[in-house]
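Engineer: Coordinates in work29.txt, compact mmCIF, C-alpha atoms, are listed below.
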# COMPACT_ATOMS: atom_id res chain seq x y z
CA GLU A 11 8.50 16.97 8.08
CA GLU A 12 5.02 18.41 7.46
CA ILE A 13 6.40 21.56 5.82
CA PHE A 14 8.50 19.57 3.36
CA SER A 15 5.66 17.21 2.47
CA LEU A 16 3.36 20.18 1.77
CA ALA A 17 5.86 21.66 -0.67
CA CYS A 18 5.24 18.93 -3.27
CA THR A 19 1.58 18.08 -3.67
CA ASP A 20 1.53 16.90 -7.28
CA GLY A 21 1.72 13.17 -6.64
CA GLY A 22 5.48 12.98 -6.41
CA PHE A 23 6.69 14.39 -9.73
CA THR A 24 8.18 17.57 -8.23
CA GLY A 25 9.71 15.69 -5.30
CA CYS A 26 11.37 13.19 -7.65
CA SER A 27 12.65 15.98 -9.88
CA LEU A 28 14.06 17.91 -6.94
CA SER A 29 15.73 14.82 -5.48
CA ARG A 30 17.63 14.41 -8.75
CA THR A 31 19.13 17.90 -8.55
CA SER A 32 21.55 17.24 -5.72
CA LYS A 33 22.58 14.68 -3.13
CA LEU A 34 21.64 17.06 -0.33
CA ILE A 35 18.06 17.52 -1.55
CA ARG A 36 17.77 13.77 -2.12
CA ALA A 37 18.95 13.08 1.45
CA VAL A 38 16.61 15.67 2.94
CA SER A 39 13.59 14.46 0.96
CA ARG A 40 14.25 10.74 1.34
CA PHE A 41 12.19 10.23 4.48
CA VAL A 42 9.04 11.93 3.12
CA ARG A 43 8.93 9.95 -0.13
CA PHE A 44 6.42 7.50 1.27
CA THR A 45 3.98 9.87 2.98
CA SER A 46 1.04 8.98 0.73
CA ILE A 47 0.82 5.74 -1.29
CA HIS A 48 -1.74 4.29 -3.71
CA ILE A 49 -1.53 0.56 -4.42
CA ALA A 50 -4.04 -1.03 -6.78
CA PRO A 51 -2.56 -4.08 -8.54
CA ARG A 52 -3.96 -4.92 -11.98
CA ASP A 53 -3.91 -8.68 -11.44
CA PRO A 54 -2.75 -11.19 -8.81
CA ASP A 55 0.73 -11.52 -10.28
CA ASP A 56 1.22 -7.72 -10.46
CA ALA A 57 4.45 -7.03 -8.57
CA GLN A 58 3.42 -3.51 -7.46
CA LEU A 59 2.64 -4.46 -3.85
CA ARG A 60 5.64 -6.77 -3.44
CA GLN A 61 8.05 -4.23 -4.93
CA PHE A 62 6.69 -1.39 -2.83
CA LEU A 63 6.92 -3.44 0.36
CA ALA A 64 10.55 -4.36 -0.41
CA SER A 65 11.44 -0.74 -1.26
CA PHE A 66 9.78 0.66 1.86
CA ALA A 67 11.44 -1.90 4.14
CA GLN A 68 14.81 -1.17 2.50
CA GLU A 69 14.43 2.58 3.03
CA ARG A 70 13.48 2.06 6.68
CA ALA A 71 16.54 -0.18 7.19
CA ARG A 72 18.75 2.39 5.45
CA ALA A 73 17.44 5.14 7.75
CA ALA A 74 18.13 3.01 10.83
CA VAL A 75 21.74 2.38 9.74
CA ALA A 76 22.34 6.00 8.72
CA ASN A 77 20.64 7.32 11.88
CA THR A 78 18.33 9.54 9.79
CA PRO A 79 14.57 10.07 10.11
CA THR A 80 12.56 6.91 9.48
CA PRO A 81 10.30 6.98 6.41
CA ARG A 82 6.68 6.82 7.51
CA LEU A 83 3.52 6.15 5.57
CA TYR A 84 0.59 8.29 6.74
CA HIS A 85 -1.96 7.83 3.94
CA LEU A 86 -2.60 4.49 2.26
CA PHE A 87 -5.01 3.50 -0.50
CA LEU A 88 -5.00 -0.29 -0.89
CA ALA A 89 -7.23 -2.11 -3.33
CA SER A 90 -7.75 -5.70 -4.31
CA PHE A 91 -6.45 -6.13 -7.81
CA ALA A 92 -8.07 -4.58 -10.82
CA SER A 93 -11.74 -4.98 -10.73
CA ALA A 94 -13.21 -2.87 -13.46
CA ALA A 95 -10.30 -3.30 -15.85
CA GLN A 96 -11.12 -6.95 -16.51
CA PRO A 97 -14.30 -8.21 -18.17
CA ARG A 98 -16.72 -10.01 -15.84
CA ARG A 99 -16.26 -13.41 -17.53
CA ALA A 100 -12.46 -13.21 -17.10
CA ARG A 101 -12.87 -12.30 -13.44
CA GLU A 102 -15.25 -15.20 -12.82
CA SER A 103 -12.97 -17.73 -14.51
CA GLN A 104 -10.06 -16.35 -12.51
CA ALA A 105 -12.08 -16.75 -9.32
CA VAL A 106 -12.63 -20.41 -10.11
CA ARG A 107 -8.90 -20.93 -10.65
CA ALA A 108 -7.81 -18.86 -7.62
CA GLY A 109 -7.17 -21.86 -5.43
CA ASP A 110 -5.29 -23.81 -8.09
CA GLY A 111 -1.62 -23.74 -9.06
CA ALA A 112 0.11 -20.46 -9.84
CA ALA A 113 -2.98 -18.28 -9.36
CA GLY A 114 -3.50 -19.72 -5.88
CA SER A 115 0.11 -19.13 -4.87
CA GLU A 116 -0.06 -15.59 -6.30
CA MET A 117 -3.14 -14.90 -4.18
CA LEU A 118 -1.45 -16.24 -1.06
CA ALA A 119 1.55 -14.01 -1.78
CA PHE A 120 -0.77 -11.03 -2.36
CA HIS A 121 -2.51 -11.67 0.98
CA ARG A 122 0.80 -12.08 2.83
CA ASN A 123 2.24 -8.90 1.32
CA ALA A 124 -0.91 -6.84 1.99
CA ALA A 125 -1.01 -8.00 5.61
CA ALA A 126 2.75 -7.36 6.04
CA LEU A 127 2.45 -3.86 4.60
CA VAL A 128 -0.47 -2.88 6.81
CA GLU A 129 1.23 -4.34 9.88
CA LEU A 130 4.39 -2.36 9.08
CA VAL A 131 2.66 0.98 8.53
CA ALA A 132 -0.31 0.70 10.93
CA PRO A 133 1.38 2.54 13.84
CA ASP A 134 1.75 5.69 11.69
CA LEU A 135 -1.35 5.57 9.47
CA ARG A 136 -3.64 8.59 9.62
CA THR A 137 -5.91 7.77 6.70
CA LEU A 138 -6.67 4.39 5.16
CA VAL A 139 -8.82 3.48 2.18
CA LEU A 140 -9.51 -0.21 1.55
CA VAL A 141 -11.25 -1.16 -1.68
CA ASN A 142 -12.28 -4.79 -1.70
CA ASP A 143 -14.41 -5.39 -4.74
CA ARG A 144 -13.43 -9.01 -5.18
CA GLY A 145 -14.92 -11.59 -2.89
CA GLY A 146 -13.44 -14.81 -1.53
CA ALA A 147 -9.78 -15.58 -2.13
CA LEU A 148 -9.51 -12.79 -4.69
CA GLY A 149 -10.13 -9.91 -2.30
CA LEU A 150 -8.11 -8.23 0.40
CA PRO A 151 -7.12 -10.47 3.33
CA PRO A 152 -9.69 -10.43 6.15
CA ALA A 153 -6.80 -10.16 8.64
CA LEU A 154 -6.74 -6.41 7.84
CA ALA A 155 -9.87 -6.11 9.98
CA TYR A 156 -7.84 -6.79 13.13
CA MET A 157 -4.97 -4.35 12.72
CA ARG A 158 -4.19 -1.80 15.41
CA ALA A 159 -3.73 1.72 14.05
CA PRO A 160 -3.54 4.16 16.98
CA GLN A 161 -3.05 7.28 14.81
CA LEU A 162 -5.82 6.46 12.32
CA ARG A 163 -8.24 9.36 11.92
CA GLU A 164 -10.06 8.49 8.69
CA LEU A 165 -11.07 5.05 7.44
CA THR A 166 -12.90 4.37 4.20
CA ILE A 167 -13.99 0.84 3.33
CA ILE A 168 -15.51 -0.08 -0.01
CA ASP A 169 -16.44 -3.73 0.32
CA PRO A 170 -19.45 -4.86 -1.75
CA PRO A 171 -18.83 -8.58 -1.04
CA GLY A 172 -18.88 -7.87 2.72
CA GLN A 173 -15.68 -9.86 3.26
CA LEU A 174 -13.91 -7.38 5.55
CA ARG A 175 -15.73 -7.76 8.82
CA PHE A 176 -14.00 -5.32 11.13
CA ALA A 177 -13.70 -5.86 14.84
CA PRO A 178 -15.44 -3.22 16.99
Any chance you could put this one into structure tokens?

Structural biologist:
Amino acid sequence: EEIFSLACTDGGFTGCSLSRTSKLIRAVSRFVRFTSIHIAPRDPDDAQLRQFLASFAQERARAAVANTPTPRLYHLFLASFASAAQPRRARESQAVRAGDGAAGSEMLAFHRNAAALVELVAPDLRTLVLVNDRGGALGLPPALAYMRAPQLRELTIIDPPGQLRFAP
């Protein structure tokens, strides 16, 4: 597992290219596809987190049925959605609307999906980076502070609003 994941260190391009060359290479590389993941949605309705969670769960179910190695996520970068990309005024107006209508339901879905992802991968995580640069309802869910990650060796938290108050 480690040897194969070290062979492709360019962010996935080589691994994807190799997996397209033959069914055998695709089958062999399938379980290491998710070793290192970066998720930083651009806005609350960005489907990146939801789509990744569905894809990862599907691959784990496929591995269980096929009796092949289970895909594991060892390194996760998870950010609240797009801080610097939006002008300050747009962010503030979005913060005011966060609890209302579609934006509020998008935030609840974002929080649910982030918590579900971390709960799913926590047993295997070795490194975790949480970037929470949006306070209140717009940031990462505070429930992340209470996850159990027995294999975690490195934790980086960037949290200017001070919302993620981790348990000892």

Engineer: Calculate how many Å separate atom CA of A:Thr45 from atom CA of A:Val131, rounding to one decimal.

Structural biologist: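 It comes out at 10.6 Å.
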
Engineer: Please put the answer as JSON: centre and edge lengths, in Å with one decimal, of a box along x, y and z that encloses all listed atoms of stretch 35-48 of chain A plus 6 Å on each side.

Structural biologist:
{"center_x": 8.6, "center_y": 10.9, "center_z": 0.4, "size_x": 32.7, "size_y": 25.2, "size_z": 20.2}

Engineer: Hey, what's within 10 Å of A:Arg43 if we count all atoms listed in the file and toss same-chain stuff fewer than 2 positions away? As a list in words, please?

Structural biologist: Ser15, Gly22, Gly25, Cys26, Ser29, Arg36, Ser39, Arg40, Phe41, Thr45, Ser46, Ile47, Phe66, Glu69, Pro81, Arg82 and Leu83 of chain A

Engineer: Interatomic distance between atom CA of A:Arg136 and atom CA of A:Leu154?

Structural biologist: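 Separating atom CA of A:Arg136 from atom CA of A:Leu154 is a distance of 15.4 Å.
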
Engineer: Have a look at A:Val38, A:Leu28, A:Ala125, A:Ala89 and name the one nearest to A:Tyr156; count all atoms listed in the file.

Structural biologist: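 With all atoms listed in the file as the atom set, the closest residue is A:Ala125.
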
Engineer: Within 8 Å of A:Ala159, counting all atoms listed in the file, which residues qualify if same-chain residues fewer than 3 places away don't, as a PDB file with C-alpha atoms, keeping the file's coordinate frame?

Structural biologist:
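Saved file part-v2.pdb follows:
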ATOM      1  CA  ALA A 132      -0.310   0.700  10.930  1.00  0.00           C
ATOM      2  CA  PRO A 133       1.380   2.540  13.840  1.00  0.00           C
ATOM      3  CA  ASP A 134       1.750   5.690  11.690  1.00  0.00           C
ATOM      4  CA  LEU A 135      -1.350   5.570   9.470  1.00  0.00           C
ATOM      5  CA  LEU A 162      -5.820   6.460  12.320  1.00  0.00           C
TER       6      LEU A 162
END

Engineer: From the options A:Glu116, A:Asp143, A:Asp56, A:Glu129, which residue's atoms come nearest to A:Ser90, counting all atoms listed in the file?

Structural biologist: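 Looking only at the distances to A:Ser90, the closest residue turns out to be A:Asp143.
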
Engineer: How many Å separate atom CA of A:Asn142 from atom CA of A:Ile168?

Structural biologist: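 Taking atom CA of A:Asn142 and atom CA of A:Ile168, their separation equals 6.0 Å.
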
Engineer: In the coordinate frame of the file, compute which residues have an atom within 9 Å of (6.3, -2.7, 2.3) when using only C-alpha atoms, and state them as an MDAnalysis selection string.

Structural biologist: chainID A and resid 59:68 123:124 126:128 130:131

Engineer: Quick one: residues within 12 Å of (-14.7, 7.1, 10.1) (file frame), counting all atoms listed in the file, please, as a PyMOL selection string.

Structural biologist: chain A and resi 136-139+162-167

Engineer: Here is a test: counting only C-alpha atoms, which residue of A:Leu150, A:Leu86, A:Leu140, A:Met157 is nearest to A:Arg122?

Structural biologist: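 Residue with the minimum atom-to-atom distance to A:Arg122: A:Leu150.
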